[in-house]
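These notes are about the structure you will find just below.
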Amino acid sequence: MAAEAKPQLLYFPLFFLLLSFQAASGAGGTWELLLNNVGISAMHSQLLPNDRVIMYDRSNFGPSKISLPNGACRDSPNDIVSKRDCTAHSIEYDVASNSIRPLTILSNTWCSSGGVTPDGALLQTGGDKEGERKARMFYPCNNDDESCDWSEVDNALKVRRWYATNHVLPDGRQIIIGGRNQFNFEFFPKTKSPSLYNLHFLSETHDAGQENNLYPFVFLNSDGNLFIFANNKAVLLDYDKNSIVKTYPKIPGGDPRSYPSTGSAVLLPIKSLEEEVIEMEVLVCGGAPKGSYLLALYKNTYVKALDTCARIKINDDDPKWVLEKMPRSRVMGDMVLLPNGHVLLINGGSSGSAGWELGREPVLNPDIYHPDKPAGSRFQVQSPNNIPRMYHSTAGLLRDGRVLVGGSNPHQFYNFTDVLFPTELRLEAFSPSYFESRYWTIRPRIMSLSSHSTVSYGGVLTLRFMVFGIGGVHGPVRVTMVFPSFTSHSFSMSQRLLVLDHVELVRIGVWTYEVSVKAPRSKNLAPPGYYMAFVVNQDIPSEGVWVRLQ
């Protein structure tokens with residue numbers, strides 16, 4: 001069973017109290033080492049509605065640094081390092097207690113995909129070898145129970161899914177698109193025949209010997225169709241009819257942005273939800289020039305990564321890509337939607353490509369992108385990290401507004417010595433510049449949620465919050481909702497942020513306010529499930545609260 005709704009622990013105020021005594025370093029934002037060793041390298045990551053993060057890597061490349069629970073072992077005949085493995089390759093990270101516990105995965109989850117179901121469970125699909133056609137479920141524990149673990153569904157997938165992308169759909173199912181040598185898509189669970197659908201677009205975007213179309217960027221449009229980007233092209237797919245309803249122009253320059261020439265992408269914040277036609281805009285950043293993967297693989301030549309982003313309004317009658325420069329080149333970077341609608345670019349390198357040993361020049365500075373500022377002034381440099389986060393790194397938003405950063409293992413096995421970028425087991429949090437103590441007087445603190453964590457489509461959501469500064473609320477207060485994404489290989493699957501339409505803002509005390517907003521009217525705008533809701537005052541977000549949209 002999925003976790004039942006329970007009071008949400010507000011650990012945010014204490015965190016702010018601690019921050020208020022620290023000066024922001026460098027260009028903005030601060031780094032915090034959470035745990036020095038989580039036992040595995042966080043190749044895949046998913047935040048769940050109980051504020052715990054499920055992480056895992058792969059199960060067939062030798063022992064990790066954390067034992068399986070209760071002294072268990074498992075036979076691993078496909079492991080070329082150890083045939084009997086007594087170590088875990090998945091963990092659960094508890095944000096509130098900053099602690100981990102080992103989990104048990106029974107088959108290989110390498111380079112897989114997933115997403116959160118409407119009832120708050122994690123669905124994971126595919127992997128390699130004996131795991132390539134499996135689905136796995138993780139149902140969060142209720143309250144303080146720590147017995148929950150992975151379960152597996154054999155032959156849940158029609159074909160092998162390795163380097164595929166999932167997206168949560170309006171009916172709660174997940175679509176699984178592509179993967180190595182898979183030019184097709186399918187659904188989980190399966191509700192009708194056929195069980196497999198060909199998608200010629202994926203074969204069109206496949207570069208021989210390089211691929212450049214794996215882990216495609218997929219976003220649900222406001223009309224219920226799917227925007228799919230692979231390599232340097234994009235289409236709008238009616239998945240019910242398996243029909244391409246719109247073909248977009250090739251991205252300017254024609255360089256690939258998909259794995260292994262790995263860039264990243266987000267659907268920019270969705271606003272004006274009551275409009276008849278809603279503007280939906282996709283941002284794609286970074287990647288590697290044509291041929292970079294082959295040069296790195298065969299010639300030990302590491303080409304400088306792309307230093308551009310491209311935006312496109314996908315519902316325009318004549319959509320066009322608009323290019324803009326980033327502060328630096330970036331390949332294998334992650335893009336995270338922050339609660340205030342800004343975009344964090346983090347992790348990766350500035351030369352080479354994705355793949356074992358193929359990336360160089362770690363990018364240590366995150367950058368924040370402000371979508372609503374004029375072109376040429378949208379990027380804000382943040383303080384650098386001192387831990388390279390290269391291939392197989394992850395980054396994801398937490399409910400308190402920090403970004404959890406883990407992983408980096410550009411090797412075939414765990415490798416901790418005598419290599420350029422050792423396998424990384426450290427777990428960090430990056431706090432964007434909105435955490436700086438100078439914003440304390442305008443930072444909202446949510447006090448209550450009148451809907452008791454559940455809201456219906458088109459219903460009114462009311463949040464009571466406090467702002468302690470005199471005259472601390474200026475201009476419109478925004479309420480945003482963020483879907484918790486599944487992150488792997490520089491793409492956060494099903495990631496979306498909605499800016500809810502205002503109904504009323506009332507001051508009910510010296511420091512206390514109540515804001516009422518309208519929930520999305522359509523499942524095409526916001527698939528059913530759990531979202532993090534934030535109050536944003538002058539671009540400074542509160543800690544979030546979990547809201548279930550159904």
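Naming works like this for the structure tokens: A, B, ... for the chains as they're shown, residue 1 at the start of each chain, ligands 1 onward in shown order.
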
Quiz prompt | Backbone DSSP call of helix (DSSP H, G or I) for region 188-359 of chain A, listed as a ChimeraX atom specification | solution = /A:200-204,292-299

Wanna dump the region 478-498 of chain A-region 532-544 of chain A contacts at 10 Å for me, each residue with its shortest atom pair and the distance in Å to one decimal, counting only C-alpha atoms, ordered by chain and number, as CSV?
```
residue,atom,partner,partner_atom,distance
A:Arg478,CA,A:Val536,CA,5.0
A:Val479,CA,A:Val535,CA,4.6
A:Thr480,CA,A:Phe534,CA,5.3
A:Met481,CA,A:Ala533,CA,4.5
A:Val482,CA,A:Met532,CA,5.1
A:Phe483,CA,A:Met532,CA,6.5
A:Pro484,CA,A:Met532,CA,7.5
A:Leu497,CA,A:Met532,CA,9.4
A:Leu498,CA,A:Ala533,CA,9.5
```

Save out the residues we just selected, N, CA and C atoms, as a PDB file, in the first residue's frame.
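After the write, out.pdb holds the following:
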```pdb
ATOM      1  N   ARG A 478       2.762  34.327  -5.478  1.00  0.00           N
ATOM      2  CA  ARG A 478       2.471  33.207  -6.375  1.00  0.00           C
ATOM      3  C   ARG A 478       2.432  31.899  -5.593  1.00  0.00           C
ATOM      4  N   VAL A 479       1.642  30.968  -6.089  1.00  0.00           N
ATOM      5  CA  VAL A 479       1.658  29.601  -5.579  1.00  0.00           C
ATOM      6  C   VAL A 479       2.042  28.703  -6.748  1.00  0.00           C
ATOM      7  N   THR A 480       3.075  27.904  -6.541  1.00  0.00           N
ATOM      8  CA  THR A 480       3.538  26.983  -7.584  1.00  0.00           C
ATOM      9  C   THR A 480       3.378  25.548  -7.115  1.00  0.00           C
ATOM     10  N   MET A 481       3.205  24.660  -8.073  1.00  0.00           N
ATOM     11  CA  MET A 481       3.121  23.220  -7.815  1.00  0.00           C
ATOM     12  C   MET A 481       4.168  22.517  -8.668  1.00  0.00           C
ATOM     13  N   VAL A 482       4.974  21.661  -8.037  1.00  0.00           N
ATOM     14  CA  VAL A 482       6.053  20.970  -8.740  1.00  0.00           C
ATOM     15  C   VAL A 482       5.856  19.462  -8.603  1.00  0.00           C
ATOM     16  N   PHE A 483       5.884  18.767  -9.738  1.00  0.00           N
ATOM     17  CA  PHE A 483       5.762  17.311  -9.724  1.00  0.00           C
ATOM     18  C   PHE A 483       7.135  16.706  -9.445  1.00  0.00           C
ATOM     19  N   PRO A 484       7.243  15.726  -8.542  1.00  0.00           N
ATOM     20  CA  PRO A 484       8.545  15.128  -8.224  1.00  0.00           C
ATOM     21  C   PRO A 484       9.016  14.224  -9.358  1.00  0.00           C
ATOM     22  N   LEU A 497       6.289  22.307 -13.580  1.00  0.00           N
ATOM     23  CA  LEU A 497       5.929  23.298 -12.562  1.00  0.00           C
ATOM     24  C   LEU A 497       4.773  24.119 -13.098  1.00  0.00           C
ATOM     25  N   LEU A 498       3.740  24.270 -12.278  1.00  0.00           N
ATOM     26  CA  LEU A 498       2.571  25.064 -12.643  1.00  0.00           C
ATOM     27  C   LEU A 498       2.454  26.259 -11.714  1.00  0.00           C
TER      28      LEU A 498
END
```

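The residue set within 6 Å of region 106-119 of chain A, counting only C-alpha atoms and dropping same-chain residues fewer than 5 places from it, reads Arg58, Ser59, Gln124, Thr125, Gly126, Gly127, Asp128, Gly131, Trp162, Tyr163, Thr165, Asn166, Gly172, Phe486, Pro528 and Gly529 of chain A.
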
Dump C-alpha atoms for the selected residues as a tab-separated table (two decimals), in the first residue's frame?
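part-v7.tsv, written as the output of this step:
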```
chain	number	residue	atom	x	y	z
A	58	ARG	CA	23.22	-1.21	-11.08
A	59	SER	CA	23.46	-4.67	-9.60
A	124	GLN	CA	10.74	1.68	-12.26
A	125	THR	CA	11.04	0.03	-15.67
A	126	GLY	CA	13.74	-1.85	-17.53
A	127	GLY	CA	17.48	-2.14	-17.15
A	128	ASP	CA	20.00	-4.57	-18.55
A	131	GLY	CA	16.31	-6.79	-15.67
A	162	TRP	CA	17.58	0.22	-21.68
A	163	TYR	CA	18.18	4.01	-21.86
A	165	THR	CA	12.31	7.56	-21.01
A	166	ASN	CA	9.09	7.37	-18.96
A	172	GLY	CA	-2.08	7.71	-14.38
A	486	PHE	CA	12.59	10.69	-11.76
A	528	PRO	CA	-2.93	13.08	-11.10
A	529	GLY	CA	-0.70	12.50	-8.12
```

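The residue that comes closest to His89 (chain A), out of A:Glu276, A:Tyr414, A:Ser488, A:Ser350 and on the basis of only C-alpha atoms, is A:Tyr414.
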
Practice problem: Pick out the residues sitting within 12 Å of Arg257 (chain A), and hand them over as a ChimeraX atom specification; count only C-alpha atoms, and ignore anything fewer than 6 positions along from it in its own chain. | Solution: /A:205,211-217,229-234,250-251,263-265,283-293,305-310,330-333,353-354,490-491

Quiz prompt | DSSP-assigned strand (DSSP E) among region 117-282 of chain A, expressed as a PyMOL selection string | solution = chain A and resi 122-125+135-138+151-153+165-168+174-177+184-188+197-198+217-220+226-230+233-238+243-247+264-267+281-282

Practice problem: For Leu34 (chain A), work out the shell of residues within 10 Å, counting only C-alpha atoms and skipping chain neighbours fewer than 3 positions away, then give it as a PyMOL selection string. | Solution: chain A and resi 31+37-38+95+98-99+404-405+426-429

Per-residue nearest contacts of region 474-528 of chain A to region 443-457 of chain A (12 Å; only C-alpha atoms) as CSV:
```
residue,atom,partner,partner_atom,distance
A:His474,CA,A:Arg443,CA,11.7
A:Val477,CA,A:Pro444,CA,9.6
A:Arg478,CA,A:Pro444,CA,10.8
A:Val479,CA,A:Pro444,CA,11.0
A:Met481,CA,A:Val455,CA,12.0
A:Leu500,CA,A:Tyr457,CA,11.8
A:Trp511,CA,A:Pro444,CA,9.8
A:Thr512,CA,A:Met447,CA,8.9
A:Tyr513,CA,A:Pro444,CA,9.5
A:Glu514,CA,A:Ser448,CA,9.4
A:Val515,CA,A:Leu449,CA,10.2
A:Ser516,CA,A:Ser450,CA,9.8
A:Val517,CA,A:Val455,CA,11.0
A:Lys518,CA,A:Tyr457,CA,8.6
A:Ala519,CA,A:Tyr457,CA,5.8
A:Pro520,CA,A:Tyr457,CA,5.6
A:Arg521,CA,A:Tyr457,CA,4.9
A:Ser522,CA,A:Tyr457,CA,6.5
A:Lys523,CA,A:Tyr457,CA,7.7
A:Asn524,CA,A:Tyr457,CA,10.9
A:Leu525,CA,A:Tyr457,CA,10.1
A:Ala526,CA,A:Tyr457,CA,9.0
A:Pro527,CA,A:Tyr457,CA,10.1
A:Pro528,CA,A:Tyr457,CA,9.0
```

Can you tell me which residues surround Tyr139 (chain A) at a distance of at most 10 Å, considering only C-alpha atoms, apart from same-chain residues fewer than 4 positions away, and format the answer as a PDB file with N, CA and C atoms, in the first residue's frame?
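Okay, out_39.pdb is ready:
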```pdb
ATOM      1  N   MET A   1       0.841  -1.200   0.000  1.00  0.00           N
ATOM      2  CA  MET A   1       0.000   0.000   0.000  1.00  0.00           C
ATOM      3  C   MET A   1       0.879   1.255   0.000  1.00  0.00           C
ATOM      4  N   ALA A   2       0.401   2.302  -0.657  1.00  0.00           N
ATOM      5  CA  ALA A   2       1.116   3.572  -0.616  1.00  0.00           C
ATOM      6  C   ALA A   2       0.958   4.210   0.758  1.00  0.00           C
ATOM      7  N   ALA A   3       1.876   5.123   1.041  1.00  0.00           N
ATOM      8  CA  ALA A   3       1.834   5.783   2.350  1.00  0.00           C
ATOM      9  C   ALA A   3       0.571   6.603   2.494  1.00  0.00           C
ATOM     10  N   LEU A  48      10.009  10.812  -3.057  1.00  0.00           N
ATOM     11  CA  LEU A  48       8.649  10.317  -2.836  1.00  0.00           C
ATOM     12  C   LEU A  48       7.909  11.230  -1.855  1.00  0.00           C
ATOM     13  N   VAL A 116       6.663   8.466 -10.596  1.00  0.00           N
ATOM     14  CA  VAL A 116       5.777   8.281  -9.454  1.00  0.00           C
ATOM     15  C   VAL A 116       4.355   8.032  -9.942  1.00  0.00           C
ATOM     16  N   THR A 117       3.700   7.044  -9.359  1.00  0.00           N
ATOM     17  CA  THR A 117       2.313   6.732  -9.684  1.00  0.00           C
ATOM     18  C   THR A 117       1.377   7.679  -8.937  1.00  0.00           C
ATOM     19  N   ASP A 119      -0.738   7.203  -6.691  1.00  0.00           N
ATOM     20  CA  ASP A 119      -0.846   6.939  -5.253  1.00  0.00           C
ATOM     21  C   ASP A 119       0.475   7.086  -4.508  1.00  0.00           C
ATOM     22  N   GLY A 120       1.492   7.639  -5.188  1.00  0.00           N
ATOM     23  CA  GLY A 120       2.732   7.972  -4.507  1.00  0.00           C
ATOM     24  C   GLY A 120       3.777   6.893  -4.467  1.00  0.00           C
ATOM     25  N   ALA A 121       3.615   5.826  -5.244  1.00  0.00           N
ATOM     26  CA  ALA A 121       4.621   4.772  -5.323  1.00  0.00           C
ATOM     27  C   ALA A 121       5.588   5.062  -6.465  1.00  0.00           C
ATOM     28  N   LEU A 122       6.749   4.440  -6.429  1.00  0.00           N
ATOM     29  CA  LEU A 122       7.724   4.548  -7.511  1.00  0.00           C
ATOM     30  C   LEU A 122       7.591   3.349  -8.428  1.00  0.00           C
ATOM     31  N   LEU A 123       7.327   3.615  -9.707  1.00  0.00           N
ATOM     32  CA  LEU A 123       7.385   2.598 -10.748  1.00  0.00           C
ATOM     33  C   LEU A 123       8.701   2.760 -11.482  1.00  0.00           C
ATOM     34  N   CYS A 148       9.422  -1.692   4.161  1.00  0.00           N
ATOM     35  CA  CYS A 148       9.074  -1.672   2.734  1.00  0.00           C
ATOM     36  C   CYS A 148      10.338  -1.810   1.888  1.00  0.00           C
ATOM     37  N   ASP A 149      10.165  -2.453   0.736  1.00  0.00           N
ATOM     38  CA  ASP A 149      11.297  -2.717  -0.139  1.00  0.00           C
ATOM     39  C   ASP A 149      10.778  -2.907  -1.558  1.00  0.00           C
ATOM     40  N   TRP A 150      11.692  -3.139  -2.472  1.00  0.00           N
ATOM     41  CA  TRP A 150      11.341  -3.329  -3.873  1.00  0.00           C
ATOM     42  C   TRP A 150      10.583  -4.639  -4.104  1.00  0.00           C
ATOM     43  N   SER A 151       9.627  -4.596  -5.043  1.00  0.00           N
ATOM     44  CA  SER A 151       9.013  -5.812  -5.581  1.00  0.00           C
ATOM     45  C   SER A 151       9.165  -5.777  -7.094  1.00  0.00           C
TER      46      SER A 151
END
```

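The space between CA of Gln46 (chain A) and CA of Thr487 (chain A) spans 6.5 Å.
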
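Closest approach to Gly352 (chain A) among A:Gly28, A:Pro170, A:Pro260, A:Pro432 is made by A:Pro260 (distances from only C-alpha atoms).
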